[in-house]
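**Q** There's a structure below that I have some questions on.
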Amino acid sequence: MSEFNITETYLRFLEEDTEMTMPIAAIEALVTLLRIKTPETAAEMINTIKSSTEELIKSIPNSVSLRAGCDIFMRFVLRNLHLYGDWENCKQHLIENGQLFVSRAKKSRNKIAEIGVDFIADDDIILVHGYSRAVFSLLNHAANKFIRFRCVVTESRPSKQGNQLYTLLEQKGIPVTLIVDSAVGAVIDKVDKVFVGAEGVAESGGIINLVGTYSVGVLAHNARKPFYVVTESHKFVRMFPLSSDDLPMAGPPLDFTRRTDDLEDALRGPTIDYTAQEYITALITDLGVLTPSAVSEELIKMWYD
Amino acid sequence: MSSQAFTSVHPNAATSDVNVTIDTFVAKLKRRQVQGSYAIALETLQLLMRFISAARWNHVNDLIEQIRDLGNSLEKAHPTAFSCGNVIRRILAVLRDEVEEDTMSTTVTSTSVAEPLISSMFNLLQKPEQPHQNRKNSSGSSGMKTKTDYRQVAIQGIKDLIDEIKNIDEGIQQIAIDLIHDHEILLTPTPDSKTVLKFLITARERSNRTFTVLVTEGFPNNTKNAHEFAKKLAQHNIETLVVPDSAVFALMSRVGKVIIGTKAVFVNGGTISSNSGVSSVCECAREFRTPVFAVAGLYKLSPLYPFDVEKFVEFGGSQRILPRMDPRKRLDTVNQITDYVPPENIDIYITNVGGFNPSFIYRIAWDNYKQIDVHLDKNKA
């Protein structure tokens with residue numbers, strides 16, 4: 001049983017199910033861990049989860065989102081141990097219902113779509129940065145409700161997630177146009193609102209997301225356009241970054257070492273950034289429409305009740 | 001109790017009597033004959049009291065449904081009379097709390113392990129049997145309905161709420177008086193707000209502060225109110241100036257505080273004010289970094305979210321702007337009656353339960369309302 005590798009399991013989950021979010025994959029990986037290792041005592045279980053969580057966070061360069069999943073899982077285990085004093089039950093419940101968590105997480109996306117659909121009105125032009133499944137499910141839902149809106153999608157370099165979203169929206173029959181990231185400033189006056197997803201939502205209500213979100217946020221704020229974050233509540237994470245520098249990243253944000261002359265290879269820099277809460281109008285989550293300051297309350301409810 | 005006995009003897013007479021009252025009130029709302037959120041809130045509560053006294057139901061859920069229907073028809077009659085829907089939702093929340101308490105007490109006796117209070121973020125990992133248990137509870141509680149007298153609960157709730165609404169100015173004044181300094185210049189664009197008026201008068205009389213109040217004229221809908229307001233302040237020895245709406249920007253550099261009254265406050269911290277021009281005053285204040293204080297009673301907090309501001313802003317007849325217009329000559333005249341102020345333009349809300357940042361308003365709202373009652377319309381819920 002010693003060959004169980006939490007990182008591999010985690011990555012396999014993400015690969016097998018493209019609809020799965022990182023926190024859910026992390027939870028699933030931890031559940032699998034419990035199933036395979038079958039810890040004998042409560043203390044052993046907690047230690048196993050702790051060490052695996054650390055291992056997982058260390059091995060994945062972009063760990064913000066999965067940290068949220070691990071946090072919720074750990075908290076849930078600890079809390080139930082205290083409440084029931086009956087960890088056997090709790091363990092059984094977790095192991096048996098692995099699949100249920102996944103389906104619930106997907107359902108929460110539908111719930112977000114239902115809550116958020118009121119934000120989209122006829123004739124809206126919506127700017128979307130990056131590809132987020134939550135944002136897409138909201139746009140999809142709005143299109144199903146026959147709301148006629150148009151979308152502007154940024155290319156979202158370097159991951160080029162924008163292309164993926166562009167194709168999906170086009171298939172859905174939503175009028176959509178793809179722009180380069182640097183054109184956001186030029187078109188921001190034309191759009192009515194901005195939707196982005198999030199990899200993680202910090203305690204302050206700011207979001208950690210694909211690089212470029214911060215620039216879009218600043219531009220939207222400057223042009224006085226509402227900037228909405230569409231995200232599942234299991235992505236709320238107990239972090240308090242003050243700027244993008246505080247985020248866990250693979251390398252230094254600015255790397256000045258000399259490399260080859262190949263320009264493609266020379267492209268470096270951060271892949272995620274932090275958008276502070278003052279740029280965010282509201283968060284559309286499965287818990288309802290929240291102001292950024294409501295995020296800390298949800299986290300506090302979970303950790304200090 | 002007597003009302004209950006009455007309904008059992010003459011049920012039809014009582015219900016038809018109430019229906020007539022409801023119809024009259026709906027008609028009054030439609031004709032905009034009830035003015036001001038204070039009056040609307042109180043009249044709605046009086047009507048609700050009669051409605052509940054006459055209502056008959058088998059299960060408390062029936063009663064809740066009936067109240068929701070009533071609320072829906074009143075909201076339809078006057079969609080921007082928010083206080084009407086607010087007070088009905090407050091009473092619904094009181095009833096639902098009572099129902100919850102009842103079911104809680106029954107579960108403790110039936111199942112030995114108390115359900116842990118699970119935070120909403122945990123929904124993901126919760127036990128699957130949770131909804132199953134709830135269903136059992138609700139079916140069980142129907143047999144227990146005799147235990148709690150929901151009519152009494154609702155009527156007590158209404159009485160408490162009426163008391164609260166009537167005493168709101170007291171609560172606000174207590175907090176607000178400390179916020180005015182000596183020799184300060186204040187500006188208010190909402191002279192129709194009774195709360196603002198009382199607040200200024202008490203500040204003058206109780207703490208004996210000398211200050212100057214600038215009142216915007218509010219052309220055309222509010223000019224009369226503005227003049228009345230200025231006269232009343234002057235009678236209390238407060239230095240008062242009526243200024244034209246267009247002079248606000250020029251005067252703002254001298255103003256120490258802007259005080260606005262509200263008609264409704266939404267969960268995002270934005271507000272609908274009771275006359276137009278308030279939004280631009282707040283915009284000016286922001287430009288000069290002048291603090292904007294919004295005074296609001298708790299009953300003005302609405303659980304709605306201003307998705308579409310244009311739906312909430314009301315427009316009036318154009319004859320007040322251009323009295324006689326030759327119909328052959330085309331000219332569009334717009335008379336906006338209310339105004340939406342976004343949350344970023346308000347610094348603090350002063351309510352009868354304390355002062356709050358706009359971003360915290362959602363918390364106060366959810367303390368008083370239930371999410372399930374946000375949409376009273378069945379098609380929307």
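So you can find residues: chains in the structure tokens are A, B, ... in the order shown, residues in each start at 1, and ligands are numbered from 1 in order.
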As a PyMOL selection string, please: every residue in segment 60-259 of chain A that a backbone DSSP assignment puts in alpha helix (DSSP H).
**A** chain A and resi 64-84+87-96+98-116+133-144+161-172+184-187+213-222
**Q** Residues of chain A near chain B: apply a cut-off of 10 Å, count only C-alpha atoms, and supply the list as a count of residues only.
**A** 55
**Q** If you run DSSP on this backbone, which residues of segment 136-298 of chain B come out as strand (DSSP E or B), and could you give them as a PyMOL selection string?
**A** chain B and resi 184-188+211-216+239-243+257-261+264-265+271-273+292-295
**Q** Considering only C-alpha atoms, state which residue in the set A:Phe195, A:Tyr274, A:Tyr166, A:Phe146 is at the smallest distance from Ser215 of chain A.
**A**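 Ranked by minimum distance to Ser215 of chain A, first place goes to A:Tyr274.
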**Q** Looking at B:Ala93, B:Cys284, B:Ala41, B:Leu74, which one is nearest to Ile372 of chain B, with distances taken over only C-alpha atoms?
**A**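 Result for the nearest residue to Ile372 of chain B: B:Ala93.
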**Q** Please, what distance in Å, to one decimal, runs between atom CA of Ala77 of chain B and atom CA of Arg32 of chain B?
**A**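 Atom CA of Arg32 of chain B lies at a distance of 9.4 Å from atom CA of Ala77 of chain B.
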